[in-house]
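Trainee: Pasting a structure below so you can have a look.
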Amino acid sequence: MSKKEKPSKNTNLERRDLIKGLATVPVAGVFLANLWRKMKRDAEKKANLLSNLVQEKSAPNVVKSLSNSRHLNIGIIGYGGRGGHLVRGAGFATKGWTDTAYKNSQKNKLDKQFATFMSQEDLNCSLVGVCDLFDNRAELGLNASLNDVRPGGKPKTGATRYRHYTDLLANDAIDAVIIATPDHWHSRISVAAAKAGKHVYCEKGMTRTFDEAVEMYDAVKENGITFQLGHQNRQVEANEKAKQIYQQGLLGPVNLVEIATNRNSSWGAWVWDIHPDGNKNTIDWDTFQEPSPNKVPFGEEALKRFFRWRCWFDYGTGLSGDLMSHDFDAVNQIMDLGIPKYASSSGGIYFYKDGRDVPDVWHATLEYPDKDLTLLYSASLSSSNPRGNRIMGHDATMQMGGQSGGGSIHGFIVTADELSTQYKDRLENGIINPSYPIYTYSPGSKQVDGVTSATSRYFAQKGLLYTYREGKRVDPTHLHVKDWLDSIRDGSQPRCNMDVAFHEAVACAMATESYLKGRRIEWDPKKRRLV
Amino acid sequence: MASLHSSIKDNELQFYGLVVLRVLIGWHFLYEGISKLINPYWSSAAYLLDSKWIFSGLAKAIVANPTLLSISDYVNMWGLTLVGVSLLLGLLSRYGSLVGMTFVCLYYLFAPPLLGLEYGRPGEGSYLIVNKNLIEACALWVLYCFPTSHIIGLDRFLPGIEKN
């Protein structure tokens with residue numbers, strides 16, 4: 001061959017040079033032709049799936065920008081773990097928290113907690129009042145109000161400590177209060193705040209009982225305050241996207257929705273630490289248990305109840321108010337379910353035999369005969385098998401996340417049913433493969449992808465795609481507090497206002513009452529009562 | 001080595017075998033590159049986040065820094081595409097082989113299928129220490145050692161390219 005390759009002026013050889021030099025160009029042509037065909041096919045497939053089925057909309061506008069219009073003074077009642085997070089959402093973290101978060105970010109470059117906090121929008125508010133029945137936590141609240149490591153720089157003013165919530169509400173300078181006490185105090189404080197003209201952000205579950213929910217609803221409506229219930233899932237983009245898909249009929253008729261809680265840790269089962277500084281001098285135990293049906297003298301049992309209050313019906317409703325409430329509200333956000341007609345529930349204390357009276361395995365069935373739908377909730381505190389939530393339609397199923405919890409940030413996938421009527425032709429033509437999602441949504445990505453693979457399905461389930469590429473992570477809790485403050489300023493309704501909050505409160509109260517009474521509970525909307 | 005070199009030149013079967021190998025690897029690189037270029041949402045983040053072994057720290061540092069991540073994405077998309085063009089058309093193919101080998105070696109080193117390393121990404125095959133990246137890197141090494149583009153390829157028209 002080497003002889004043939006010697007440069008020559010002979011015409012035949014020049015032609016041969018040309019042919020050999022360009023010999024692989026046709027391969028490039030074949031490549032391009034096939035690339036073109038593949039791109040066209042993918043585009044057609046995508047158009048077929050998405051243009052017919054999903055009306056593209058831009059991502060929901062989650063952030064209004066009203067923070068600079070009016071300075072607001074806020075108070076926090078109940079500065080526990082969740083209270084601390086909510087106050088951080090408003091822009092105030094303790095020195096201990098910012099120091100630790102900063103150190104963690106230095107140790108692990110992927111730990112963005114500090115950066116996320118510091119890049120929060122300054123909500124133009126001051127934390128001026130802190131009320132907690134445990135001295136240690138009240139001190140932390142005061143510390144947070146003064147820490148100048150925060151978005152927006154040095155706080156305008158520090159907070160005053162109030163021993164009792166009525167004293168805090170009596171301060172005319174306070175415009176709005178965040179209530180993050182145990183559930184048995186929610187209603188009483190919210191009603192008093194509404195009557196005092198203070199706007200209210202209240203943690204979920206909204207109330208401990210049905211009667212409290214009604215009382216709270218009336219107080220908020222009668223006094224015209226801005227009320228937000230603490231379901232930050234209302235700010236999660238995935239839920240808004242899921243709502244669009246559901247409303248566009250992509251799933252077909254939906255007769256069954258399954259939501260689940262899967263936890264397997266003592267923390268997840270509310271066996272929280274008893275603070276070493278907790279004693280009769282630092283805790284106002286009598287005030288704490290004032291609204292609860294059963295009174296316990298201060299002692300070891302009281303300490304357990306104070307720090308692990310979710311384990312007793314005296315102070316909360318266990319799985320119902322803590323965890324079903326989140327997933328119920330997410331489904332209510334997507335499907336506008338409202339209050340169920342019937343609720344029944346059952347369960348027991350099967351794993352944590354530690355003196356609690358709330359069940360650790362518990363299931364509730366909520367019936368919506370007017371919507372031809374059943375909502376099933378199932379919870380275990382002794383298995384973390386990630387069951388996720390499923391909206392099951394005749395034509396397709398939406399699988400959301402692999403784990404339930406506060407404001408699921410996971411993505412979701414929609415998979416066609418192999419016996420679907422709506423997609424029959426497309427299934428037969430191979431345009432839709434029931435083994436792969438027809439729609440995936442991954443948080444952090446604006447991608448709407450009809451051409452999916454096993455890999456994209458995997459990452460949608462894990463929900464970790466592209467978050468860092470977008471450059472900024474936002475905490476839904478911050479958005480939820482911001483939504484509330486912005487609504488106070490412009491007089492609009494926040495996303496989890498009393499109308500939808502009431503759905504959650506009644507649905508959870510019905511399920512709880514069914515467990516306690518051992519029978520099915522019916523909602524009578526005309527008389528606004530449970531039967 | 002010298003006798004092997006001359007025997008390759010004199011053996012058409014071996015020679016065209018190498019050309020086919022070059023074109024196929026070029027095709028693979030080109031499509032890997034273009035498929036990333038035409039997907040506006042592609043990012044190397046997912047691959048890097050799942051990195052194990054000696055480069056996992058570097059991988060996480062890249063993902064944590066938006067600028068580095070953009071550079072990584074850009075280098076991957078365009079690097080793979082250009083190496084693909086180079087090998088497919090026989091244009092500066094020796095350099096293409098070398099750059100391509102570097103790419104696949106890095107892919108191997110960022111996520112090698114070593115004993116005890118488990119990955120979150122779903123795999124498309126079964127590998128123990130040796131995987132397709134390692135094999136492709138070796139194939140590119142062979143192409144670097146036995147260049148063909150000066151005979152079959154655009155390098156034939158370039159002055160100064162080794163014509164042996």
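Residue numbering restarts at 1 in every chain; chains get A, B, ... in the order shown in the structure tokens, and ligands count up from 1 in that same order.
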Thr209 of chain A: which residues within 9 Å, counting only C-alpha atoms, same-chain residues fewer than 5 positions away excluded, as a list in words?

Mentor: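 So the residues in contact are His184, Gly316, Thr317, Ala505, Val506, Cys508, Ala509, Met510, Thr512 and Glu513 of chain A.
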
Trainee: Would you mind exporting C-alpha atoms of the selected residues as a PDB file, in the first residue's frame?

Mentor:
```pdb
ATOM      1  CA  HIS A 184     -53.365  22.626  71.226  1.00  0.00           C
ATOM      2  CA  GLY A 316     -51.687  17.358  68.957  1.00  0.00           C
ATOM      3  CA  THR A 317     -53.131  14.702  66.713  1.00  0.00           C
ATOM      4  CA  ALA A 505     -58.223  21.201  59.390  1.00  0.00           C
ATOM      5  CA  VAL A 506     -61.585  19.507  58.902  1.00  0.00           C
ATOM      6  CA  CYS A 508     -57.626  15.852  59.572  1.00  0.00           C
ATOM      7  CA  ALA A 509     -60.091  16.375  62.415  1.00  0.00           C
ATOM      8  CA  MET A 510     -62.514  13.905  60.795  1.00  0.00           C
ATOM      9  CA  THR A 512     -58.591  11.804  64.001  1.00  0.00           C
ATOM     10  CA  GLU A 513     -62.095  11.647  65.399  1.00  0.00           C
TER      11      GLU A 513
END
```

Trainee: Show me, as a VMD selection string, the residues of chain B whose atoms get within 8 Å of chain A, using only C-alpha atoms for the distance check.

Mentor: chain B and resid 9 to 12 23 27 41 43 45 to 46 60 to 61 63 to 64 66 69 88 to 90 121 to 122 149 to 157

Trainee: Include C-alpha atoms and write out the residues we just selected as a tab-separated table (two decimals), in the first residue's frame.

Mentor:
```tsv
chain	number	residue	atom	x	y	z
B	9	LYS	CA	0.88	-0.57	6.50
B	10	ASP	CA	1.31	-3.57	4.28
B	11	ASN	CA	-1.73	-5.42	5.49
B	12	GLU	CA	-4.93	-3.95	4.05
B	23	VAL	CA	-14.77	6.04	12.17
B	27	TRP	CA	-19.33	8.50	15.29
B	41	TYR	CA	-30.93	21.03	29.97
B	43	SER	CA	-25.49	19.11	32.59
B	45	ALA	CA	-23.74	17.76	37.32
B	46	ALA	CA	-25.60	14.47	37.65
B	60	LYS	CA	-18.18	17.91	44.03
B	61	ALA	CA	-16.13	21.11	43.95
B	63	VAL	CA	-20.68	20.97	40.87
B	64	ALA	CA	-20.68	23.41	43.81
B	66	PRO	CA	-21.57	27.36	38.85
B	69	LEU	CA	-19.75	23.54	36.19
B	88	LEU	CA	-14.80	10.57	11.63
B	89	LEU	CA	-13.37	12.77	8.91
B	90	GLY	CA	-9.74	11.97	9.59
B	121	ARG	CA	-26.92	5.88	38.28
B	122	PRO	CA	-28.52	2.91	36.62
B	149	SER	CA	-6.05	9.62	8.59
B	150	HIS	CA	-3.08	10.63	6.43
B	151	ILE	CA	-4.16	7.91	4.03
B	152	ILE	CA	-7.95	7.72	4.51
B	153	GLY	CA	-9.06	11.09	5.78
B	154	LEU	CA	-8.74	14.81	5.34
B	155	ASP	CA	-5.25	14.75	6.83
B	156	ARG	CA	-4.17	13.46	3.42
B	157	PHE	CA	-4.55	17.03	2.12
```

Trainee: Near Pro113 of chain B, within 9 Å and counting only C-alpha atoms, which residues show up once chain neighbours fewer than 6 positions away are dropped, as a PDB file with C-alpha atoms, in the first residue's frame?

Mentor:
```pdb
ATOM      1  CA  TYR B 119     -23.276   4.118  41.965  1.00  0.00           C
ATOM      2  CA  TYR B 127     -18.498  -4.270  34.859  1.00  0.00           C
ATOM      3  CA  LEU B 128     -15.706  -5.256  37.197  1.00  0.00           C
ATOM      4  CA  ILE B 129     -12.751  -2.851  37.052  1.00  0.00           C
ATOM      5  CA  VAL B 130     -12.858  -2.883  33.227  1.00  0.00           C
ATOM      6  CA  ASN B 131     -15.650  -0.960  31.568  1.00  0.00           C
TER       7      ASN B 131
END
```

Trainee: Can you pull out the residues contacting Tyr107 of chain B? Cut-off 10 Å, using only C-alpha atoms, and skip same-chain residues under 6 positions away; I want them as JSON, numbers by chain.

Mentor: {"B": [47, 48, 51, 101, 133, 134, 137]}

Trainee: Return as number ranges by chain the full set of residues in segment 256-504 of chain A whose backbone-based DSSP assignment is alpha helix (DSSP H).

Mentor: A: 285-288, 300-307, 319, 325-335, 424-428, 454-462, 476-490, 498-504

Trainee: Between B:Trp53, B:Phe29, B:Trp42, B:Tyr95, which one has atoms that come closest to Ser72 of chain B, using only C-alpha atoms?

Mentor: B:Trp42

Trainee: Can you tell me, as a list in words, what residues are no more than 7 Å from Tyr315 of chain A when counting only C-alpha atoms, ignoring any on the same chain fewer than 3 positions away?

Mentor: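 Surrounding residues, per the criterion: Pro182, Asp183, His184, Ser292, Trp309, Arg310 and Trp312 of chain A.
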
Trainee: Applying 10 Å and only C-alpha atoms, which residues near Ile135 of chain B remain after dropping the ones on its own chain fewer than 6 positions away? List them as a list in words.

Mentor: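 In the requested format, the answer is Val104, Cys105, Tyr108 and Trp141 of chain B.
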
Trainee: Would you compute the distance between atom CA of Thr100 of chain A and atom CA of Asn143 of chain A? Give it in Å to one decimal.

Mentor: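 Going from atom CA of Thr100 of chain A over to atom CA of Asn143 of chain A, I get 14.8 Å.
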
Trainee: Could you tell me how far atom CA of Ala364 of chain A sits from atom CA of Val414 of chain A, in Å to one decimal place?

Mentor: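 Interatomic distance, atom CA of Val414 of chain A to atom CA of Ala364 of chain A: 24.8 Å.
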
Trainee: Quick one: everything within 12 Å of Arg137 of chain A, counting only C-alpha atoms, minus sequence neighbours fewer than 4 positions away in the same chain. Send it as number ranges by chain.

Mentor: A: 76-84, 94, 130-133, 141-144, 161, 163, 181, 275, 277-278, 282-283, 307

Trainee: Take the selection from the previous step and output its residues with N, CA and C atoms, as an mmCIF file, in the first residue's frame.

Mentor:
```cif
data_model
loop_
_atom_site.group_PDB
_atom_site.id
_atom_site.type_symbol
_atom_site.label_atom_id
_atom_site.label_comp_id
_atom_site.auth_asym_id
_atom_site.auth_seq_id
_atom_site.Cartn_x
_atom_site.Cartn_y
_atom_site.Cartn_z
ATOM 1 N N ILE A 76 -42.977 36.210 67.294
ATOM 2 C CA ILE A 76 -43.025 34.746 67.181
ATOM 3 C C ILE A 76 -43.538 34.195 68.511
ATOM 4 N N ILE A 77 -44.529 33.328 68.413
ATOM 5 C CA ILE A 77 -45.038 32.672 69.619
ATOM 6 C C ILE A 77 -44.745 31.187 69.452
ATOM 7 N N GLY A 78 -43.799 30.693 70.214
ATOM 8 C CA GLY A 78 -43.363 29.302 70.092
ATOM 9 C C GLY A 78 -42.099 29.223 69.251
ATOM 10 N N TYR A 79 -40.943 29.474 69.896
ATOM 11 C CA TYR A 79 -39.683 29.445 69.160
ATOM 12 C C TYR A 79 -38.999 28.093 69.363
ATOM 13 N N GLY A 80 -39.644 27.037 68.891
ATOM 14 C CA GLY A 80 -39.021 25.709 68.938
ATOM 15 C C GLY A 80 -38.291 25.460 67.633
ATOM 16 N N GLY A 81 -38.114 24.171 67.287
ATOM 17 C CA GLY A 81 -37.413 23.836 66.049
ATOM 18 C C GLY A 81 -38.072 24.452 64.832
ATOM 19 N N ARG A 82 -39.379 24.275 64.723
ATOM 20 C CA ARG A 82 -40.085 24.801 63.555
ATOM 21 C C ARG A 82 -40.177 26.330 63.605
ATOM 22 N N GLY A 83 -40.397 26.843 64.810
ATOM 23 C CA GLY A 83 -40.450 28.297 64.971
ATOM 24 C C GLY A 83 -39.155 28.938 64.512
ATOM 25 N N GLY A 84 -38.030 28.293 64.878
ATOM 26 C CA GLY A 84 -36.732 28.808 64.451
ATOM 27 C C GLY A 84 -36.602 28.837 62.938
ATOM 28 N N THR A 94 -30.289 32.422 64.508
ATOM 29 C CA THR A 94 -29.436 32.625 65.689
ATOM 30 C C THR A 94 -27.966 32.620 65.261
ATOM 31 N N VAL A 130 -40.812 37.991 71.084
ATOM 32 C CA VAL A 130 -40.600 36.543 71.178
ATOM 33 C C VAL A 130 -41.334 36.042 72.414
ATOM 34 N N CYS A 131 -42.134 35.004 72.223
ATOM 35 C CA CYS A 131 -42.833 34.419 73.365
ATOM 36 C C CYS A 131 -42.608 32.918 73.354
ATOM 37 N N ASP A 132 -42.046 32.407 74.410
ATOM 38 C CA ASP A 132 -41.911 30.958 74.534
ATOM 39 C C ASP A 132 -41.973 30.617 76.013
ATOM 40 N N LEU A 133 -42.510 29.444 76.299
ATOM 41 C CA LEU A 133 -42.685 29.063 77.695
ATOM 42 C C LEU A 133 -41.423 28.444 78.280
ATOM 43 N N GLY A 141 -34.596 32.989 70.521
ATOM 44 C CA GLY A 141 -35.381 33.898 69.677
ATOM 45 C C GLY A 141 -34.836 35.318 69.742
ATOM 46 N N LEU A 142 -34.495 35.754 70.964
ATOM 47 C CA LEU A 142 -33.935 37.105 71.129
ATOM 48 C C LEU A 142 -32.590 37.202 70.399
ATOM 49 N N ASN A 143 -31.804 36.144 70.532
ATOM 50 C CA ASN A 143 -30.505 36.090 69.856
ATOM 51 C C ASN A 143 -30.689 36.229 68.341
ATOM 52 N N ALA A 144 -31.672 35.520 67.799
ATOM 53 C CA ALA A 144 -31.916 35.576 66.344
ATOM 54 C C ALA A 144 -32.302 36.988 65.902
ATOM 55 N N ARG A 161 -38.787 39.984 75.024
ATOM 56 C CA ARG A 161 -39.374 38.706 75.393
ATOM 57 C C ARG A 161 -40.693 38.918 76.135
ATOM 58 N N ARG A 163 -43.635 36.812 78.363
ATOM 59 C CA ARG A 163 -43.875 35.555 79.084
ATOM 60 C C ARG A 163 -45.167 34.900 78.596
ATOM 61 N N THR A 181 -46.463 27.156 68.105
ATOM 62 C CA THR A 181 -46.604 26.419 69.359
ATOM 63 C C THR A 181 -47.078 25.001 69.044
ATOM 64 N N HIS A 275 -34.465 18.642 76.741
ATOM 65 C CA HIS A 275 -33.381 19.613 76.915
ATOM 66 C C HIS A 275 -32.854 19.569 78.358
ATOM 67 N N ASP A 277 -31.605 21.756 80.154
ATOM 68 C CA ASP A 277 -31.969 22.937 80.958
ATOM 69 C C ASP A 277 -33.453 22.985 81.309
ATOM 70 N N GLY A 278 -34.214 21.999 80.843
ATOM 71 C CA GLY A 278 -35.657 22.021 81.090
ATOM 72 C C GLY A 278 -35.977 21.608 82.520
ATOM 73 N N THR A 282 -37.480 26.785 84.472
ATOM 74 C CA THR A 282 -37.272 27.333 83.124
ATOM 75 C C THR A 282 -38.463 27.106 82.206
ATOM 76 N N ILE A 283 -39.394 26.231 82.631
ATOM 77 C CA ILE A 283 -40.555 25.922 81.791
ATOM 78 C C ILE A 283 -41.835 26.329 82.516
ATOM 79 N N PHE A 307 -41.472 18.190 75.691
ATOM 80 C CA PHE A 307 -40.532 18.155 74.567
ATOM 81 C C PHE A 307 -40.949 17.186 73.451
#
```

Trainee: Could you tell me how far atom CA of Lys341 of chain A sits from atom CA of Glu522 of chain A, in Å to one decimal place?

Mentor: 5.7 Å
